[in-house]
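Remarks on the structure that follows.
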Number of protein chains: 2
Amino acid sequence: MSSCMDVKKQPDSTAGTITGTTNIDPLPSWNEGPLKTNILNFVTESIDSSGENFITVEDRVAVFDNDGTLWSEQPVYFQFFFAMDQVRGMAATHPAWSKTEPYKSVINHDLKSLMAQGEKGLMKILGTSHSGMTSTEFENMVTKWIDTAVHPLEKKKYKDLVFLPMIELIRFLQDHDYTVYIVSGGETAFMRPWVTEAYGIPRDRVIGSNLKLEFQWQGDEPVLMRLPAVEFNDDGVGKPMSIDRIIGRKPVAAFGNSDGDLPMLQWTASNPKYKSLMMIVHHTDSTREFAYDRESKIGRLDKALDWAKEHQWYLMDMQKDWKVVYKP
Amino acid sequence: MSSCMDVKKQPDSTAGTITGTTNIDPLPSWNEGPLKTNILNFVTESIDSSGENFITVEDRVAVFDNDGTLWSEQPVYFQFFFAMDQVRGMAATHPAWSKTEPYKSVINHDLKSLMAQGEKGLMKILGTSHSGMTSTEFENMVTKWIDTAVHPLEKKKYKDLVFLPMIELIRFLQDHDYTVYIVSGGETAFMRPWVTEAYGIPRDRVIGSNLKLEFQWQGDEPVLMRLPAVEFNDDGVGKPMSIDRIIGRKPVAAFGNSDGDLPMLQWTASNPKYKSLMMIVHHTDSTREFAYDRESKIGRLDKALDWAKEHQWYLMDMQKDWKVVYKP
């Protein structure tokens, strides 16, 4: 057994890597200013074991929303673009759909008419595209889509519509031994196949909404069949609940962009042991991305905007604070 | 910022530590024999990058059931002893309970009469003791209990009724860069306060059943109130589901002791990339612990015993294979 015991500890694949360099700006895509200084100071103080704002390594938990915080979410959540692409891919074997709503609108790329059909139509598209396959089959569908699909307005792959300043921030935190989680209203199974490549976040640090599953046998093979029903909605008050259940520690840093993130930010702000960092991406850049807040149907930022101002949380102004929006 | 960037990578608190020694038996509480040899060989082969059974670090996921696998579970699950202790602690402020079932039986330590009242009585005791407090209050209740409470038959603290051979096995796996999770039918919030001290498993690697929660405000403080309803039952087919949702990888090693672990073991056995290890603790030691399997109401091992024999999974015979049962 000596060969077994001689093994050197390999790098923990779940931890971030260390740049290990000095005098290199860890946030090069952020404009200089109070916001950037505050982020740098928060992290610097948190690792200074002689200072009053030191945070132990095990308590360095940071949570990030996904849609609108790490990548774009307009004009509809990208998971819904995925759903529509799947339905169009299935249309050839479902000829009746060309005459049946809501499928007809999807096939004709008529988003306006689809939206006019309300939640019932949307849920039908989501159900058709997201259930009736195994968890493995769904993972393969998402992997294929993310590698090829292109955003209809931005004309770029969805996986390239991720925010470079936020990726730098994730990396900066991981380099200082923060454990970084995604806590999103999107589905866990939809994010997991691509977040490691896109953000450097490992598969087991992705928390999201879930569909009901059923354990079934296909011959000699156990599978998890995806059912057309939501098991858990990881949005709004769901976020502190899933943080409590899955992480089991109150975060010291939280990043969101909409009212759906407010309870997660409030939960983080109530950390009894540490000064915590709450930040909101404010979509103010109609040229490079999108500009929206209080009136938007997707990613509405209204109550959280008031709360942030009252409680001196940081607003990341996309136009002013970010040198670059997307990964080049 | 140079002081910030100069920081050395600190050890990842979530990873196991390395003993780094040679020729020391990593499993001293296991008797020599084919079972011990098989465990050692599995792990040795899995870290040999030149061999056909090599497992990449990120895929080295091992899952352990808790009740009956890592600690005892007789004559009733210890979480139920906790529930009864809480009810007795509350009895002074609920005088009517001395005349009302199922509380009366609990107060009188009459387990037999309580059991005779069936599931309805048990659920009432569980509801009374487990809900109506915040997640923080519950954590404090469990912490206080585990530090002081004593098993009525074994006359030892519950936290000392953990299986030393299994703790060695967890440590051995962690030392070889396995990520070890508990996947238990018990409640996550009940296990989390003590599993790090007891087993060396970090808080965020505990997967269990969950109660429904409600996000509430107590003055300026957000809290998660525990409701008297089960949100997710992490037993039987629930185990592969929670593994899929929370870990997002199929394990390569699974350890259980009852029919409730069978789907988790079957799920692990179906790993498409790697040879996997499935092991069952067989309670065969009426002297040092308990002896039970097919006929037991708690931790019944019947279907899984047949399946294990048919599929050449390993049975850990407590009497024959373990030199020591409990931590000294």
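Naming scheme: A, B, ... for chains in displayed order of the structure tokens; residues 1 onward per chain; ligands 1 onward as shown.
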Leaving out Val324 in chain A and any residue of its chain fewer than 3 positions from it, which residues lie within 12 Å of it when counting only C-alpha atoms, given as a VMD selection string? chain A and resid 27 to 31 161 to 168 285 287 to 289 318 to 321 327 to 328
As a PyMOL selection string, please: every residue in range 79-234 of chain A that DSSP puts in strand (DSSP E or B). chain A and resi 134+150+157+162-163+179-187+206-218+221-232
Proximity check range 181-293 of chain A to range 229-251 of chain B, 7 Å, nearest pairs one decimal Å, only C-alpha atoms, as CSV:
residue,atom,partner,partner_atom,distance
A:Arg203,CA,B:Gly248,CA,6.1
A:Asp204,CA,B:Ile247,CA,4.8
A:Leu213,CA,B:Met241,CA,6.8
A:Phe215,CA,B:Val237,CA,6.1
Could those selected residues go to a file with all heavy atoms, as an mmCIF file, in the first residue's frame?
data_model
loop_
_atom_site.group_PDB
_atom_site.id
_atom_site.type_symbol
_atom_site.label_atom_id
_atom_site.label_comp_id
_atom_site.auth_asym_id
_atom_site.auth_seq_id
_atom_site.Cartn_x
_atom_site.Cartn_y
_atom_site.Cartn_z
ATOM 1 N N ARG A 203 -19.566 22.263 -11.058
ATOM 2 C CA ARG A 203 -20.935 21.737 -11.190
ATOM 3 C C ARG A 203 -21.690 21.664 -9.874
ATOM 4 O O ARG A 203 -22.908 21.844 -9.847
ATOM 5 C CB ARG A 203 -20.882 20.297 -11.721
ATOM 6 C CG ARG A 203 -20.443 20.148 -13.129
ATOM 7 C CD ARG A 203 -20.327 18.672 -13.487
ATOM 8 N NE ARG A 203 -21.625 18.037 -13.568
ATOM 9 C CZ ARG A 203 -22.380 18.012 -14.662
ATOM 10 N NH1 ARG A 203 -21.950 18.570 -15.770
ATOM 11 N NH2 ARG A 203 -23.551 17.421 -14.666
ATOM 12 N N ASP A 204 -20.980 21.350 -8.777
ATOM 13 C CA ASP A 204 -21.683 21.163 -7.510
ATOM 14 C C ASP A 204 -21.863 22.477 -6.759
ATOM 15 O O ASP A 204 -22.259 22.476 -5.603
ATOM 16 C CB ASP A 204 -20.964 20.127 -6.636
ATOM 17 C CG ASP A 204 -19.541 20.532 -6.328
ATOM 18 O OD1 ASP A 204 -19.015 21.440 -7.004
ATOM 19 O OD2 ASP A 204 -18.937 19.952 -5.406
ATOM 20 N N LEU A 213 -38.659 14.776 -10.509
ATOM 21 C CA LEU A 213 -38.010 13.664 -11.205
ATOM 22 C C LEU A 213 -38.705 12.364 -10.824
ATOM 23 O O LEU A 213 -39.379 12.290 -9.798
ATOM 24 C CB LEU A 213 -36.535 13.574 -10.790
ATOM 25 C CG LEU A 213 -35.639 14.772 -11.099
ATOM 26 C CD1 LEU A 213 -34.291 14.622 -10.414
ATOM 27 C CD2 LEU A 213 -35.462 14.934 -12.601
ATOM 28 N N PHE A 215 -37.650 8.161 -10.598
ATOM 29 C CA PHE A 215 -36.653 7.101 -10.736
ATOM 30 C C PHE A 215 -37.279 5.964 -11.513
ATOM 31 O O PHE A 215 -38.284 5.407 -11.097
ATOM 32 C CB PHE A 215 -36.224 6.647 -9.334
ATOM 33 C CG PHE A 215 -35.100 5.644 -9.302
ATOM 34 C CD1 PHE A 215 -33.779 6.054 -9.415
ATOM 35 C CD2 PHE A 215 -35.349 4.294 -9.114
ATOM 36 C CE1 PHE A 215 -32.730 5.144 -9.341
ATOM 37 C CE2 PHE A 215 -34.301 3.365 -9.044
ATOM 38 C CZ PHE A 215 -32.991 3.795 -9.161
#
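Closest to chain A among B:Trp145, B:Phe82, B:Phe255, B:Trp267 is B:Trp267, based on only C-alpha atoms.
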- [ ] Extract, using only C-alpha atoms, all DNA, RNA and protein residues at most 6 Å from range 63-66 of chain B, discarding same-chain residues fewer than 5 positions from it, and format them as a PyMOL selection string.
- [x] chain B and resi 180-184+254-256
Min atom-atom distance to chain B from the set A:Ala116, A:Leu211, A:Ile55, A:Ala92, counting only C-alpha atoms, belongs to A:Leu211
Item to complete: May I have the residues within 9 Å of Ala149 in chain A as a PyMOL selection string, using only C-alpha atoms and disregarding those fewer than 6 positions away in the same chain?
Response: chain A and resi 82+85+156-159
For the selection just defined, write its residues with all heavy atoms to a file, as a short mmCIF file (atom, residue, chain, number, x, y, z; two decimals), in the first residue's frame.
data_model
loop_
_atom_site.label_atom_id
_atom_site.label_comp_id
_atom_site.auth_asym_id
_atom_site.auth_seq_id
_atom_site.Cartn_x
_atom_site.Cartn_y
_atom_site.Cartn_z
N PHE A 82 -33.81 28.70 -25.32
CA PHE A 82 -33.49 27.27 -25.43
C PHE A 82 -34.76 26.46 -25.65
O PHE A 82 -34.82 25.59 -26.53
CB PHE A 82 -32.76 26.81 -24.15
CG PHE A 82 -32.73 25.32 -23.95
CD1 PHE A 82 -31.83 24.52 -24.65
CD2 PHE A 82 -33.60 24.70 -23.05
CE1 PHE A 82 -31.80 23.14 -24.46
CE2 PHE A 82 -33.57 23.32 -22.86
CZ PHE A 82 -32.67 22.54 -23.57
N ASP A 85 -36.06 26.93 -29.16
CA ASP A 85 -35.21 26.22 -30.13
C ASP A 85 -35.49 24.72 -30.11
O ASP A 85 -35.49 24.06 -31.17
CB ASP A 85 -33.72 26.47 -29.81
CG ASP A 85 -33.28 27.88 -30.24
OD1 ASP A 85 -33.99 28.52 -31.04
OD2 ASP A 85 -32.21 28.34 -29.77
N LYS A 156 -24.75 36.71 -31.35
CA LYS A 156 -23.59 36.03 -30.76
C LYS A 156 -24.10 34.78 -30.09
O LYS A 156 -25.29 34.69 -29.75
CB LYS A 156 -22.95 36.92 -29.67
CG LYS A 156 -22.09 38.05 -30.17
CD LYS A 156 -21.65 38.87 -28.96
CE LYS A 156 -20.20 39.29 -29.06
NZ LYS A 156 -19.66 39.81 -27.83
N LYS A 157 -23.19 33.84 -29.85
CA LYS A 157 -23.59 32.68 -29.07
C LYS A 157 -23.98 33.13 -27.66
O LYS A 157 -23.37 34.05 -27.11
CB LYS A 157 -22.43 31.69 -28.97
CG LYS A 157 -22.22 30.90 -30.25
CD LYS A 157 -21.16 29.84 -30.04
CE LYS A 157 -20.89 29.14 -31.37
NZ LYS A 157 -19.73 28.24 -31.29
N TYR A 158 -24.98 32.45 -27.09
CA TYR A 158 -25.41 32.80 -25.73
C TYR A 158 -24.25 32.72 -24.75
O TYR A 158 -24.12 33.54 -23.85
CB TYR A 158 -26.54 31.86 -25.27
CG TYR A 158 -27.80 32.05 -26.07
CD1 TYR A 158 -28.11 31.22 -27.14
CD2 TYR A 158 -28.69 33.08 -25.77
CE1 TYR A 158 -29.25 31.39 -27.89
CE2 TYR A 158 -29.86 33.26 -26.51
CZ TYR A 158 -30.12 32.41 -27.57
OH TYR A 158 -31.27 32.60 -28.31
N LYS A 159 -23.41 31.71 -24.93
CA LYS A 159 -22.32 31.53 -23.95
C LYS A 159 -21.27 32.63 -24.07
O LYS A 159 -20.40 32.72 -23.21
CB LYS A 159 -21.71 30.14 -24.07
CG LYS A 159 -20.94 29.84 -25.33
CD LYS A 159 -20.31 28.44 -25.20
CE LYS A 159 -19.63 28.08 -26.50
NZ LYS A 159 -19.00 26.73 -26.40
#
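Among the candidates B:Gln312, B:Ser49, B:Gln79, B:Gln174, the residue lying nearest to Leu122 in chain B is B:Gln79 (atoms considered: only C-alpha atoms).
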Closest of A:Thr44, A:Tyr274, A:Gly51, A:Arg226 to Leu173 in chain A, counting only C-alpha atoms, is A:Thr44
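Residues lying within 10 Å of Leu301 in chain A, counting only C-alpha atoms and ignoring same-chain neighbours fewer than 3 positions away, are Gly256, Asn257, Ser258, Asp259, Gly260, Asp261, Leu262, Ile280, Val281, His282, His283, Tyr292, Asp293, Arg294, Glu295, Ser296, Lys297, Ile298, Ala304, Leu305 and Asp306 of chain A.
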Students should find that CA of Asp177 in chain B and CA of Thr179 in chain A are spaced 17.6 Å
request  = From range 129-305 of chain A, collect each residue whose DSSP state is alpha helix (DSSP H) and return the set as a PyMOL selection string.
outcome  = chain A and resi 129-130+135-148+164-175+188-199+238-242+262-269+303-305
(message) Ranking A:Phe54, A:Gly132, A:Pro95, A:Ile170 by minimum distance to Thr196 in chain A and counting only C-alpha atoms, which one comes first?
(response)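 Once distances to Thr196 in chain A are computed over only C-alpha atoms, the minimum belongs to A:Ile170.
For the pair CA of Tyr199 in chain A and CA of Thr268 in chain B, the interatomic distance is 28.3 Å.
Using only C-alpha atoms, the residues found no farther than 12 Å from Gln86 in chain A, other than those of its own chain fewer than 4 positions away, are Gln79, Phe80, Phe81, Phe82, Met90, Ala91, Ala92, Tyr103, Val106, Ile107, Ile125, Leu126, Gly127, Thr128, Ser129, His130, Ser131, Phe138, Met141, Val142, Lys144, Trp145, Ile146 and Ala149 of chain A.
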Near Glu187 in chain A, counting only C-alpha atoms, which residues have an atom at most 6 Å away, once you skip same-chain residues fewer than 5 positions from it, shown as a PyMOL selection string? chain A and resi 208-210
Just write the chosen residues, N, CA, C and O atoms, as a short mmCIF file (atom, residue, chain, number, x, y, z; two decimals), in the first residue's frame.
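Written output follows (again_39.cif):
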data_model
loop_
_atom_site.label_atom_id
_atom_site.label_comp_id
_atom_site.auth_asym_id
_atom_site.auth_seq_id
_atom_site.Cartn_x
_atom_site.Cartn_y
_atom_site.Cartn_z
N GLY A 208 -30.33 26.05 -8.27
CA GLY A 208 -31.36 26.68 -9.09
C GLY A 208 -32.71 26.02 -8.85
O GLY A 208 -32.88 25.25 -7.90
N SER A 209 -33.67 26.35 -9.72
CA SER A 209 -34.97 25.71 -9.64
C SER A 209 -34.84 24.26 -10.11
O SER A 209 -33.87 23.91 -10.78
N ASN A 210 -35.82 23.45 -9.72
CA ASN A 210 -35.76 22.03 -10.09
C ASN A 210 -37.11 21.54 -10.57
O ASN A 210 -38.14 21.95 -10.06
#
Using only C-alpha atoms for the distances, tell me which of B:Thr93, B:Val195, B:Glu52, B:Ile39 is nearest to Leu315 in chain B.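 When distances to Leu315 in chain B are compared using only C-alpha atoms, the smallest one comes from B:Ile39.
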Here CA of Ser276 in chain A and CA of Val252 in chain A stand apart by 4.5 Å
